[in-house]
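**Q** Got a file for you: data-v6.tsv, TSV, C-alpha atoms and all ligand atoms.
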chain	number	residue	atom	x	y	z
A	20	THR	CA	61.81	82.78	156.78
A	21	SER	CA	62.02	85.40	154.00
A	22	PRO	CA	59.36	87.99	153.19
A	23	VAL	CA	57.42	87.39	149.95
A	24	TYR	CA	56.10	90.33	147.91
A	25	TYR	CA	53.09	90.45	145.60
A	26	ASP	CA	51.59	93.03	143.21
A	27	GLU	CA	49.97	95.02	146.02
A	28	ASP	CA	53.36	95.48	147.75
A	29	ALA	CA	54.97	97.10	144.71
A	30	ASN	CA	54.45	100.34	142.79
A	31	ILE	CA	55.76	100.74	139.25
A	32	GLU	CA	55.72	104.54	139.76
A	33	ALA	CA	59.05	104.15	141.58
A	34	ILE	CA	60.82	103.47	138.25
A	35	LYS	CA	58.40	104.90	135.71
A	36	ASN	CA	60.69	107.84	134.87
A	37	GLU	CA	63.73	105.64	134.45
A	38	THR	CA	65.44	104.63	131.24
A	39	VAL	CA	66.46	101.00	131.64
A	40	ALA	CA	69.42	99.56	129.73
A	41	ILE	CA	69.11	95.84	129.15
A	42	LEU	CA	72.55	94.50	128.29
A	43	GLY	CA	72.12	91.27	126.33
A	44	TYR	CA	69.14	89.95	124.43
A	45	GLY	CA	69.32	86.24	125.21
A	46	SER	CA	67.14	84.17	127.52
A	47	GLN	CA	66.57	86.78	130.24
A	48	GLY	CA	67.30	89.89	128.15
A	49	HIS	CA	64.59	89.43	125.52
A	50	ALA	CA	61.98	88.61	128.15
A	51	GLN	CA	62.78	91.35	130.65
A	52	ALA	CA	63.16	94.01	127.94
A	53	GLN	CA	59.80	93.25	126.33
A	54	ASN	CA	57.94	92.86	129.64
A	55	LEU	CA	59.31	96.23	130.80
A	56	ALA	CA	58.36	97.92	127.53
A	57	ASP	CA	54.83	96.47	127.75
A	58	SER	CA	54.63	97.84	131.32
A	59	GLY	CA	55.37	101.34	129.99
A	60	ILE	CA	59.05	101.56	130.93
A	61	ASP	CA	61.55	103.21	128.57
A	62	VAL	CA	63.96	100.45	127.46
A	63	ILE	CA	67.19	100.57	125.52
A	64	VAL	CA	69.02	97.37	124.60
A	65	GLY	CA	72.82	97.24	124.71
A	66	LEU	CA	74.54	94.82	122.31
A	67	ARG	CA	78.04	94.56	120.88
A	68	GLU	CA	78.71	95.64	117.30
A	69	ASN	CA	78.16	92.40	115.39
A	70	SER	CA	75.73	90.87	117.84
A	71	SER	CA	73.66	87.99	116.52
A	72	SER	CA	70.81	89.20	118.76
A	73	ARG	CA	70.53	92.64	117.21
A	74	LYS	CA	68.00	91.77	114.54
A	75	GLU	CA	65.65	90.09	117.00
A	76	ALA	CA	65.67	93.07	119.37
A	77	GLU	CA	64.99	95.49	116.52
A	78	THR	CA	62.24	93.27	115.12
A	79	ASP	CA	60.66	93.33	118.59
A	80	GLY	CA	60.51	97.12	118.27
A	81	LEU	CA	63.25	98.02	120.73
A	82	ARG	CA	65.99	100.63	120.46
A	83	VAL	CA	69.44	99.03	120.21
A	84	THR	CA	72.85	100.56	120.76
A	85	THR	CA	76.22	99.50	122.17
A	86	PRO	CA	76.50	98.43	125.84
A	87	ALA	CA	78.56	101.56	126.63
A	88	ASP	CA	76.04	103.95	125.01
A	89	ALA	CA	73.07	102.15	126.55
A	90	ALA	CA	74.65	102.33	130.02
A	91	ALA	CA	75.46	106.01	129.59
A	92	ALA	CA	71.88	106.79	128.53
A	93	ALA	CA	70.22	104.77	131.30
A	94	ASP	CA	69.34	105.21	134.97
A	95	ARG	CA	69.22	101.45	135.54
A	96	ILE	CA	71.73	99.13	133.90
A	97	VAL	CA	70.70	95.47	133.92
A	98	MET	CA	73.41	92.87	133.26
A	99	LEU	CA	71.76	90.12	131.25
A	100	ILE	CA	74.77	88.79	129.38
A	101	PRO	CA	76.53	85.54	130.41
A	102	ASP	CA	78.08	85.77	133.89
A	103	THR	CA	81.57	84.95	132.60
A	104	VAL	CA	81.67	87.96	130.24
A	105	GLN	CA	80.11	90.48	132.64
A	106	PRO	CA	83.39	91.68	134.25
A	107	SER	CA	84.98	92.67	130.92
A	108	VAL	CA	81.79	94.30	129.64
A	109	TYR	CA	81.51	96.16	132.97
A	110	ASP	CA	84.96	97.65	132.28
A	111	ASP	CA	83.64	98.95	128.94
A	112	ILE	CA	80.51	100.55	130.41
A	113	LYS	CA	81.57	101.81	133.83
A	114	ALA	CA	82.52	105.29	132.62
A	115	GLY	CA	78.84	105.80	131.75
A	116	ILE	CA	77.49	104.77	135.15
A	117	GLU	CA	76.69	107.90	137.14
A	118	GLY	CA	76.02	108.45	140.82
A	119	GLY	CA	72.37	107.68	141.57
A	120	ASN	CA	72.16	105.04	138.84
A	121	THR	CA	71.37	101.43	139.59
A	122	LEU	CA	73.45	98.44	138.52
A	123	GLN	CA	71.23	95.39	138.50
A	124	PHE	CA	71.87	91.67	138.17
A	125	ALA	CA	69.87	88.48	137.76
A	126	HIS	CA	72.51	86.38	139.54
A	127	GLY	CA	74.89	87.35	142.35
A	128	PHE	CA	78.13	85.64	141.28
A	129	ASN	CA	80.14	88.64	140.04
A	130	ILE	CA	79.21	90.92	142.93
A	131	HIS	CA	79.46	88.31	145.68
A	132	TYR	CA	82.85	87.04	144.49
A	133	ARG	CA	84.03	90.59	143.73
A	134	GLN	CA	84.59	90.13	140.00
A	135	ILE	CA	82.74	93.44	139.62
A	136	GLU	CA	83.28	96.17	142.23
A	137	PRO	CA	80.85	99.03	141.59
A	138	GLN	CA	81.43	102.56	142.81
A	139	GLU	CA	79.82	103.51	146.14
A	140	ASN	CA	77.32	106.06	144.84
A	141	VAL	CA	75.20	103.60	142.85
A	142	ASP	CA	72.51	101.18	143.96
A	143	VAL	CA	73.36	97.53	143.37
A	144	THR	CA	70.37	95.22	143.26
A	145	MET	CA	69.22	91.85	142.02
A	146	VAL	CA	65.93	90.85	140.44
A	147	ALA	CA	66.19	87.23	139.46
A	148	PRO	CA	63.28	85.42	137.83
A	149	LYS	CA	63.36	81.78	138.91
A	150	THR	CA	62.55	80.54	135.39
A	151	PRO	CA	64.09	80.68	131.92
A	152	GLY	CA	63.31	83.80	129.92
A	153	HIS	CA	60.83	82.30	127.47
A	154	LEU	CA	58.58	81.34	130.38
A	155	LEU	CA	58.91	84.81	131.93
A	156	ARG	CA	57.76	86.30	128.64
A	157	ARG	CA	55.03	83.76	127.94
A	158	THR	CA	53.43	84.02	131.38
A	159	TYR	CA	53.57	87.84	131.29
A	160	LYS	CA	51.57	87.88	128.06
A	161	ARG	CA	48.90	85.75	129.77
A	162	ASP	CA	48.70	88.28	132.64
A	163	GLU	CA	50.48	85.80	134.85
A	164	GLY	CA	54.01	85.81	136.17
A	165	THR	CA	56.84	83.61	137.36
A	166	PRO	CA	58.36	83.74	140.86
A	167	GLY	CA	61.50	85.75	141.41
A	168	LEU	CA	64.13	86.76	143.94
A	169	LEU	CA	65.03	90.26	145.07
A	170	ALA	CA	68.17	91.45	146.85
A	171	VAL	CA	69.85	94.73	147.65
A	172	TYR	CA	73.65	94.75	147.90
A	173	GLN	CA	74.26	98.48	147.99
A	174	ASP	CA	71.62	101.13	148.74
A	175	ALA	CA	73.02	104.55	147.84
A	176	SER	CA	69.62	106.12	147.08
A	177	ASN	CA	67.76	104.80	150.11
A	178	LYS	CA	65.20	103.65	147.57
A	179	ALA	CA	67.00	100.64	146.11
A	180	HIS	CA	64.52	98.15	147.55
A	181	GLU	CA	61.39	100.02	146.49
A	182	LYS	CA	62.76	100.47	142.97
A	183	ALA	CA	63.86	96.84	142.61
A	184	LEU	CA	60.39	95.77	143.71
A	185	ALA	CA	58.88	98.10	141.09
A	186	TYR	CA	61.11	96.46	138.47
A	187	ALA	CA	60.02	93.00	139.62
A	188	LYS	CA	56.42	94.12	139.18
A	189	ALA	CA	57.12	95.56	135.73
A	190	ILE	CA	58.46	92.21	134.49
A	191	GLY	CA	55.54	90.33	136.06
A	192	CYS	CA	57.27	88.55	138.93
A	193	THR	CA	55.15	90.05	141.75
A	194	ARG	CA	52.11	88.42	140.12
A	195	ALA	CA	53.56	85.10	141.26
A	196	GLY	CA	55.58	86.19	144.32
A	197	VAL	CA	59.01	87.69	144.91
A	198	ILE	CA	61.16	86.30	147.71
A	199	GLU	CA	63.63	88.53	149.56
A	200	THR	CA	67.19	87.23	149.68
A	201	THR	CA	70.81	88.46	149.71
A	202	PHE	CA	73.51	88.28	147.03
A	203	ARG	CA	75.38	85.82	149.22
A	204	GLU	CA	72.43	83.52	149.82
A	205	GLU	CA	71.30	83.53	146.19
A	206	THR	CA	74.80	82.89	144.85
A	207	GLU	CA	75.79	80.17	147.29
A	208	THR	CA	72.50	78.25	147.21
A	209	ASP	CA	72.39	78.50	143.41
A	210	LEU	CA	75.92	77.14	142.96
A	211	PHE	CA	75.45	74.42	145.57
A	212	GLY	CA	72.10	73.38	144.12
A	213	GLU	CA	73.28	73.14	140.54
A	214	GLN	CA	76.45	71.27	141.52
A	215	ALA	CA	75.28	68.86	144.19
A	216	VAL	CA	71.65	68.27	143.27
A	217	LEU	CA	70.18	69.67	140.07
A	218	CYS	CA	72.73	69.46	137.29
A	219	GLY	CA	75.72	67.63	138.74
A	220	GLY	CA	74.14	65.33	141.31
A	221	VAL	CA	71.25	64.16	139.21
A	222	THR	CA	73.25	63.40	136.03
A	223	GLU	CA	75.81	61.44	138.02
A	224	LEU	CA	73.04	59.58	139.86
A	225	VAL	CA	71.47	58.62	136.53
A	226	ASN	CA	74.80	57.60	134.98
A	227	ALA	CA	75.85	55.56	138.00
A	228	GLY	CA	72.53	53.71	137.98
A	229	PHE	CA	72.69	53.20	134.21
A	230	GLU	CA	76.27	51.90	134.30
A	231	THR	CA	75.60	49.60	137.25
A	232	LEU	CA	72.78	47.91	135.34
A	233	VAL	CA	74.63	47.76	132.00
A	234	ASP	CA	77.82	46.44	133.62
A	235	ALA	CA	75.74	43.71	135.24
A	236	GLY	CA	74.55	42.61	131.81
A	237	TYR	CA	71.13	44.25	131.57
A	238	SER	CA	70.19	45.91	128.30
A	239	PRO	CA	71.11	49.58	127.84
A	240	GLU	CA	67.54	50.28	126.65
A	241	MET	CA	66.07	48.92	129.90
A	242	ALA	CA	68.68	50.80	131.92
A	243	TYR	CA	67.86	54.03	130.08
A	244	PHE	CA	64.14	53.77	130.72
A	245	GLU	CA	64.56	52.79	134.37
A	246	CYS	CA	67.22	55.35	135.32
A	247	LEU	CA	66.55	58.34	133.06
A	248	ASN	CA	63.16	58.29	131.39
A	249	GLU	CA	61.19	57.41	134.52
A	250	LEU	CA	62.94	60.18	136.43
A	251	LYS	CA	60.60	62.74	134.89
A	252	LEU	CA	57.50	60.93	136.14
A	253	ILE	CA	58.93	60.77	139.66
A	254	VAL	CA	60.06	64.41	139.68
A	255	ASP	CA	56.67	65.57	138.34
A	256	LEU	CA	54.99	63.91	141.33
A	257	MET	CA	57.48	65.49	143.77
A	258	TYR	CA	56.95	68.89	142.14
A	259	GLU	CA	53.17	68.55	142.43
A	260	GLY	CA	52.92	67.28	145.98
A	261	GLY	CA	56.30	66.70	147.56
A	262	HIS	CA	57.96	63.42	148.50
A	263	MET	CA	54.82	62.03	150.13
A	264	GLU	CA	52.73	62.44	146.99
A	265	MET	CA	55.40	60.58	145.05
A	266	LEU	CA	55.75	57.83	147.64
A	267	ASN	CA	51.97	57.47	147.87
A	268	SER	CA	51.76	57.09	144.09
A	269	VAL	CA	54.31	54.31	143.69
A	270	SER	CA	53.83	50.75	144.90
A	271	ASP	CA	54.43	49.80	148.53
A	272	THR	CA	57.37	47.75	147.31
A	273	ALA	CA	58.92	50.80	145.63
A	274	GLU	CA	58.22	52.88	148.71
A	275	TYR	CA	59.82	50.36	151.09
A	276	GLY	CA	62.87	50.04	148.83
A	277	ALA	CA	63.17	53.81	148.63
A	278	LEU	CA	62.88	54.35	152.37
A	279	THR	CA	65.43	51.67	153.26
A	280	ARG	CA	67.98	52.02	150.40
A	281	GLY	CA	68.00	55.62	149.15
A	282	GLU	CA	70.13	57.07	151.94
A	283	GLU	CA	73.01	54.71	151.21
A	284	VAL	CA	73.49	56.16	147.72
A	285	ILE	CA	74.27	59.70	148.80
A	286	ASN	CA	77.60	60.91	150.16
A	287	ARG	CA	76.80	63.78	152.52
A	288	ASP	CA	80.46	64.43	153.33
A	289	ALA	CA	81.03	65.15	149.65
A	290	MET	CA	78.04	67.48	149.65
A	291	GLN	CA	79.47	69.36	152.62
A	292	ARG	CA	82.83	69.71	150.84
A	293	ILE	CA	81.08	71.10	147.78
A	294	LEU	CA	79.28	73.64	149.95
A	295	ASP	CA	82.55	74.56	151.69
A	296	GLU	CA	84.21	75.27	148.33
A	297	VAL	CA	81.28	77.49	147.34
A	298	GLN	CA	81.37	79.37	150.65
A	299	THR	CA	85.13	79.92	150.77
A	300	GLY	CA	85.18	81.14	147.15
A	301	GLU	CA	87.42	78.25	146.10
A	302	PHE	CA	84.98	77.13	143.41
A	303	ALA	CA	84.61	80.69	142.10
A	304	ARG	CA	88.40	81.12	141.87
A	305	GLU	CA	88.70	77.80	140.05
A	306	TRP	CA	86.00	78.78	137.53
A	307	VAL	CA	87.45	82.25	136.90
A	308	THR	CA	90.89	80.69	136.32
A	309	GLU	CA	89.37	78.01	134.10
A	310	ASN	CA	87.85	80.73	131.91
A	311	GLN	CA	91.20	82.48	131.66
A	312	ALA	CA	92.84	79.18	130.71
A	313	ASP	CA	90.60	78.52	127.69
A	314	ARG	CA	88.32	76.14	129.60
A	315	SER	CA	90.50	73.05	129.14
A	316	VAL	CA	88.90	71.08	131.98
A	317	TYR	CA	85.41	72.23	130.97
A	318	ASN	CA	85.91	71.17	127.36
A	319	GLN	CA	87.39	67.83	128.28
A	320	ARG	CA	84.62	66.96	130.77
A	321	ARG	CA	82.02	68.08	128.28
A	322	GLN	CA	83.51	65.76	125.64
A	323	THR	CA	83.42	62.84	128.08
A	324	ALA	CA	79.75	63.52	128.86
A	325	GLN	CA	78.96	63.71	125.16
A	326	ASN	CA	80.66	60.38	124.46
A	327	HIS	CA	78.81	58.48	127.20
A	328	GLN	CA	76.82	55.49	126.03
A	329	ILE	CA	73.65	56.91	127.57
A	330	GLU	CA	73.66	59.71	124.96
A	331	ASP	CA	73.55	57.21	122.07
A	332	VAL	CA	70.94	55.01	123.65
A	333	GLY	CA	68.78	58.00	124.54
A	334	LYS	CA	69.00	59.51	121.09
A	335	ARG	CA	67.91	56.25	119.51
A	336	LEU	CA	65.03	55.65	121.92
A	337	ARG	CA	63.73	59.20	121.81
A	338	GLU	CA	63.52	58.96	118.02
A	339	LEU	CA	61.62	55.67	118.14
A	340	PHE	CA	59.01	56.67	120.66
A	341	VAL	CA	57.05	59.79	121.36
A	342	TRP	CA	55.63	59.31	124.81
A	343	ASP	CA	55.10	62.89	126.01
A	344	GLU	CA	51.51	64.18	125.82
B	1	LIG	P1	72.38	84.45	127.65
B	1	LIG	O1	73.48	83.47	127.51
B	1	LIG	O2	71.05	84.07	127.07
B	1	LIG	O3	72.86	85.85	127.04
B	1	LIG	C1	73.07	85.97	125.71
B	1	LIG	C2	73.10	87.43	125.34
B	1	LIG	O4	74.32	88.04	125.82
B	1	LIG	C3	73.05	87.58	123.86
B	1	LIG	O5	72.26	88.71	123.51
B	1	LIG	C4	74.51	87.81	123.51
B	1	LIG	O6	74.63	88.57	122.35
B	1	LIG	C5	74.99	88.62	124.70
B	1	LIG	N1	76.45	88.53	124.87
B	1	LIG	C6	77.19	87.40	124.97
B	1	LIG	N2	78.48	87.68	125.10
B	1	LIG	C7	78.56	89.04	125.07
B	1	LIG	C8	79.65	89.96	125.15
B	1	LIG	N3	80.91	89.54	125.31
B	1	LIG	N4	79.37	91.28	125.09
B	1	LIG	C9	78.10	91.71	124.95
B	1	LIG	N5	77.03	90.89	124.87
B	1	LIG	C10	77.26	89.57	124.92
B	1	LIG	O7	72.22	84.88	129.17
B	1	LIG	P2	71.07	84.46	130.20
B	1	LIG	O8	69.85	85.24	129.88
B	1	LIG	O9	71.00	82.98	130.33
B	1	LIG	O10	71.72	85.00	131.55
B	1	LIG	C11	71.82	86.38	131.83
B	1	LIG	C12	71.90	86.56	133.33
B	1	LIG	O11	70.69	86.09	133.92
B	1	LIG	C13	73.03	85.78	133.98
B	1	LIG	O12	73.51	86.52	135.06
B	1	LIG	C14	72.33	84.53	134.50
B	1	LIG	O13	72.98	83.93	135.61
B	1	LIG	C15	70.99	85.11	134.90
B	1	LIG	N6	69.86	84.19	134.96
B	1	LIG	C16	69.58	83.39	133.89
B	1	LIG	C17	68.46	82.59	133.89
B	1	LIG	C18	68.09	81.78	132.70
B	1	LIG	O14	67.05	81.17	132.74
B	1	LIG	N7	68.84	81.73	131.61
B	1	LIG	C19	67.56	82.52	135.07
B	1	LIG	C20	67.91	83.48	136.10
B	1	LIG	C21	69.03	84.25	136.04
B	1	LIG	P3	75.63	88.14	121.16
B	1	LIG	O15	74.71	87.78	120.03
B	1	LIG	O16	76.38	89.39	120.91
B	1	LIG	O17	76.48	87.02	121.64
B	2	MG	MG	72.57	78.55	138.44
B	3	MG	MG	60.12	50.65	138.53
Can I see the file as structure tokens?
**A**
Amino acid sequence: TSPVYYDEDANIEAIKNETVAILGYGSQGHAQAQNLADSGIDVIVGLRENSSSRKEAETDGLRVTTPADAAAAADRIVMLIPDTVQPSVYDDIKAGIEGGNTLQFAHGFNIHYRQIEPQENVDVTMVAPKTPGHLLRRTYKRDEGTPGLLAVYQDASNKAHEKALAYAKAIGCTRAGVIETTFREETETDLFGEQAVLCGGVTELVNAGFETLVDAGYSPEMAYFECLNELKLIVDLMYEGGHMEMLNSVSDTAEYGALTRGEEVINRDAMQRILDEVQTGEFAREWVTENQADRSVYNQRRQTAQNHQIEDVGKRLRELFVWDE
């Protein structure tokens, strides 16, 4: 099991003299930059010339310059731009990264799959909030935090861990708990999870259920409610109290059906193949190539998802009824 760190394990002093460059002012960037500034850390935001985020960062009272100038001015450079553009932006900023600086990430993909290969005299760390940025910001303002991950890939200063922990405290994550991991573990579990379970697995499960009912002649509205809408209620129960809380809350009939039929739906050999492709780097190579080839597969699959009947039905039903809260 991994160590978990809280406020009392971390000391912001370890980074209080640093200038931190936040590259990007999107989901993570706006939240981390403002939380750091509110914790008394000197922040400079790096954005490209005609960035649509520039105004927001300036309105929030932050200094803004180009990624290259921000990196050159900073002791800690935090990559909070989309993962697919990080390698090319890294090429633009690397001349400004000096020995003793820290290059920091919120996801391990580019380091683990060697799309970015930093020089040996810098620390390379990860502080990854486990929530979207708006929640990181909102909880911080309430003196709360969201959980996060911490990893050290390269420790040139012998203080990489202590300083990353200080950063995690400055953005509020140690208020909720910071779990120690590695770039490899974070990257591979993240990719596997989003592919096989969270984003890929669950949408395909919903679609397959929806199509099976519709093809058998049931109404699309009924199929939508049963296979998609009710999913939230079930997941909320699992989130609150695990599988047993969910199973205890549904009828005995539902529970018996679940316990005897659920297993049959899942293809564990396929899951293992997906994990293999993540571990060997085959998925990463495919995705890097896909980005170089103008995302033709991505765009085509996205179009297919958009044209699925469940999108139309859902849009209609969500407009007719407001059932949340
Ligand atoms: P976003 O997609 O929200 O980043 C958008 C920002 O990046 C904008 O400010 C945008 O500015 C800038 N940007 C985009 N392209 C470029 C470019 N070519 N050059 C310079 N700046 C550019 O990123 P996220 O916050 O979602 O993700 C950042 C990192 O955090 C990623 O590594 C991600 O994996 C990780 N992460 C994300 C989480 C999340 O909840 N979103 C959770 C945990 C980790 P412009 O207006 O110029 O386009
Ligand atoms: Mg992910
Ligand atoms: Mg039911």
**Q** Which neighbours of segment 274-291 of chain A fall inside 12 Å, counting all atoms listed in the file, when residues of the same chain fewer than 2 positions from it are skipped, and could you give them as an mmCIF file with C-alpha atoms, in the frame of the given file?
**A**
data_model
loop_
_atom_site.group_PDB
_atom_site.id
_atom_site.type_symbol
_atom_site.label_atom_id
_atom_site.label_comp_id
_atom_site.auth_asym_id
_atom_site.auth_seq_id
_atom_site.Cartn_x
_atom_site.Cartn_y
_atom_site.Cartn_z
ATOM 1 C CA LEU A 210 75.920 77.140 142.960
ATOM 2 C CA PHE A 211 75.450 74.420 145.570
ATOM 3 C CA GLY A 212 72.100 73.380 144.120
ATOM 4 C CA GLU A 213 73.280 73.140 140.540
ATOM 5 C CA GLN A 214 76.450 71.270 141.520
ATOM 6 C CA ALA A 215 75.280 68.860 144.190
ATOM 7 C CA VAL A 216 71.650 68.270 143.270
ATOM 8 C CA GLY A 219 75.720 67.630 138.740
ATOM 9 C CA GLY A 220 74.140 65.330 141.310
ATOM 10 C CA VAL A 221 71.250 64.160 139.210
ATOM 11 C CA GLU A 223 75.810 61.440 138.020
ATOM 12 C CA LEU A 224 73.040 59.580 139.860
ATOM 13 C CA VAL A 225 71.470 58.620 136.530
ATOM 14 C CA ALA A 227 75.850 55.560 138.000
ATOM 15 C CA GLY A 228 72.530 53.710 137.980
ATOM 16 C CA HIS A 262 57.960 63.420 148.500
ATOM 17 C CA MET A 263 54.820 62.030 150.130
ATOM 18 C CA GLU A 264 52.730 62.440 146.990
ATOM 19 C CA MET A 265 55.400 60.580 145.050
ATOM 20 C CA LEU A 266 55.750 57.830 147.640
ATOM 21 C CA ASN A 267 51.970 57.470 147.870
ATOM 22 C CA SER A 268 51.760 57.090 144.090
ATOM 23 C CA VAL A 269 54.310 54.310 143.690
ATOM 24 C CA SER A 270 53.830 50.750 144.900
ATOM 25 C CA ASP A 271 54.430 49.800 148.530
ATOM 26 C CA THR A 272 57.370 47.750 147.310
ATOM 27 C CA ILE A 293 81.080 71.100 147.780
ATOM 28 C CA LEU A 294 79.280 73.640 149.950
ATOM 29 C CA ASP A 295 82.550 74.560 151.690
ATOM 30 C CA GLU A 296 84.210 75.270 148.330
ATOM 31 C CA VAL A 297 81.280 77.490 147.340
ATOM 32 C CA GLN A 298 81.370 79.370 150.650
#
**Q** Given a cut-off of 8 Å, what residues near ligand LIG 1 (chain B) show up using all atoms listed in the file, put as a PyMOL selection string?
**A** chain A and resi 42-49+65-73+86+98-102+104-105+107-108+124-128+147-152
**Q** How would you write, as a list of chain:residue names, the set of residues no farther than 8 Å from ligand MG 3 (chain B) when counting only C-alpha atoms and all ligand atoms?
**A** A:Glu245, A:Glu249, A:Ala273
**Q** Let's have the selection written as a PDB file, in the coordinates of the input, with C-alpha atoms.
**A**
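And here is the file that came out, out07.pdb:
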ATOM      1  CA  GLU A 245      64.560  52.790 134.370  1.00  0.00           C
ATOM      2  CA  GLU A 249      61.190  57.410 134.520  1.00  0.00           C
ATOM      3  CA  ALA A 273      58.920  50.800 145.630  1.00  0.00           C
TER       4      ALA A 273
END
**Q** Calculated over only C-alpha atoms and all ligand atoms, which of the candidates A:Met145, A:Cys218, A:Ile34, A:Leu252 has the smallest distance to ligand MG 2 (chain B)?
**A**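 Among the listed residues, A:Cys218 lies closest to ligand MG 2 (chain B).
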**Q** For segment 110-119 of chain A, list every protein, DNA or RNA residue within 9 Å, evaluated using all atoms listed in the file, and leave out those in the same chain fewer than 6 positions away; present the list as a list in words.
**A**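 Neighbouring residues, sequence-local ones excluded: Pro86, Ala87, Asp88, Ala89, Ala90, Ala91, Ala92, Ala93, Asp94, Arg95, Ile96, Ile135, Pro137, Gln138, Glu139, Asn140, Val141, Asp142, Ala175 and Ser176 of chain A.
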**Q** Point out the residue among A:Val64, A:Ala76, A:Ala50, A:Pro22 with the least atom-to-atom distance to Leu168 of chain A, counting only C-alpha atoms.
**A**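 Among the listed residues, the smallest separation from Leu168 of chain A belongs to A:Pro22.
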**Q** Please rebuild segment 255-272 of chain A with N, CA and C atoms and return the result as an mmCIF file, keeping the file's coordinate frame.
**A**
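Full text of selection37.cif as output:
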data_model
loop_
_atom_site.group_PDB
_atom_site.id
_atom_site.type_symbol
_atom_site.label_atom_id
_atom_site.label_comp_id
_atom_site.auth_asym_id
_atom_site.auth_seq_id
_atom_site.Cartn_x
_atom_site.Cartn_y
_atom_site.Cartn_z
ATOM 1 N N ASP A 255 57.963 64.890 138.505
ATOM 2 C CA ASP A 255 56.670 65.570 138.340
ATOM 3 C C ASP A 255 55.799 65.379 139.590
ATOM 4 N N LEU A 256 55.793 64.175 140.125
ATOM 5 C CA LEU A 256 54.990 63.910 141.330
ATOM 6 C C LEU A 256 55.542 64.685 142.521
ATOM 7 N N MET A 257 56.863 64.726 142.663
ATOM 8 C CA MET A 257 57.480 65.490 143.770
ATOM 9 C C MET A 257 57.169 66.971 143.639
ATOM 10 N N TYR A 258 57.201 67.469 142.406
ATOM 11 C CA TYR A 258 56.950 68.890 142.140
ATOM 12 C C TYR A 258 55.503 69.237 142.499
ATOM 13 N N GLU A 259 54.595 68.320 142.160
ATOM 14 C CA GLU A 259 53.170 68.550 142.430
ATOM 15 C C GLU A 259 52.837 68.494 143.909
ATOM 16 N N GLY A 260 53.394 67.497 144.609
ATOM 17 C CA GLY A 260 52.920 67.280 145.980
ATOM 18 C C GLY A 260 53.983 66.831 146.964
ATOM 19 N N GLY A 261 55.237 67.045 146.623
ATOM 20 C CA GLY A 261 56.300 66.700 147.560
ATOM 21 C C GLY A 261 56.599 65.203 147.576
ATOM 22 N N HIS A 262 57.546 64.821 148.428
ATOM 23 C CA HIS A 262 57.960 63.420 148.500
ATOM 24 C C HIS A 262 56.790 62.498 148.818
ATOM 25 N N MET A 263 55.879 62.936 149.711
ATOM 26 C CA MET A 263 54.820 62.030 150.130
ATOM 27 C C MET A 263 53.863 61.720 148.988
ATOM 28 N N GLU A 264 53.598 62.715 148.138
ATOM 29 C CA GLU A 264 52.730 62.440 146.990
ATOM 30 C C GLU A 264 53.382 61.404 146.071
ATOM 31 N N MET A 265 54.697 61.546 145.890
ATOM 32 C CA MET A 265 55.400 60.580 145.050
ATOM 33 C C MET A 265 55.350 59.194 145.686
ATOM 34 N N LEU A 266 55.700 59.138 146.974
ATOM 35 C CA LEU A 266 55.750 57.830 147.640
ATOM 36 C C LEU A 266 54.371 57.186 147.706
ATOM 37 N N ASN A 267 53.336 58.012 147.840
ATOM 38 C CA ASN A 267 51.970 57.470 147.870
ATOM 39 C C ASN A 267 51.539 56.957 146.504
ATOM 40 N N SER A 268 52.176 57.475 145.445
ATOM 41 C CA SER A 268 51.760 57.090 144.090
ATOM 42 C C SER A 268 52.465 55.841 143.586
ATOM 43 N N VAL A 269 53.614 55.521 144.141
ATOM 44 C CA VAL A 269 54.310 54.310 143.690
ATOM 45 C C VAL A 269 53.835 53.130 144.537
ATOM 46 N N SER A 270 54.262 51.933 144.155
ATOM 47 C CA SER A 270 53.830 50.750 144.900
ATOM 48 C C SER A 270 54.446 50.727 146.288
ATOM 49 N N ASP A 271 53.856 49.951 147.179
ATOM 50 C CA ASP A 271 54.430 49.800 148.530
ATOM 51 C C ASP A 271 55.831 49.212 148.459
ATOM 52 N N THR A 272 56.050 48.354 147.485
ATOM 53 C CA THR A 272 57.370 47.750 147.310
ATOM 54 C C THR A 272 58.397 48.833 146.963
#
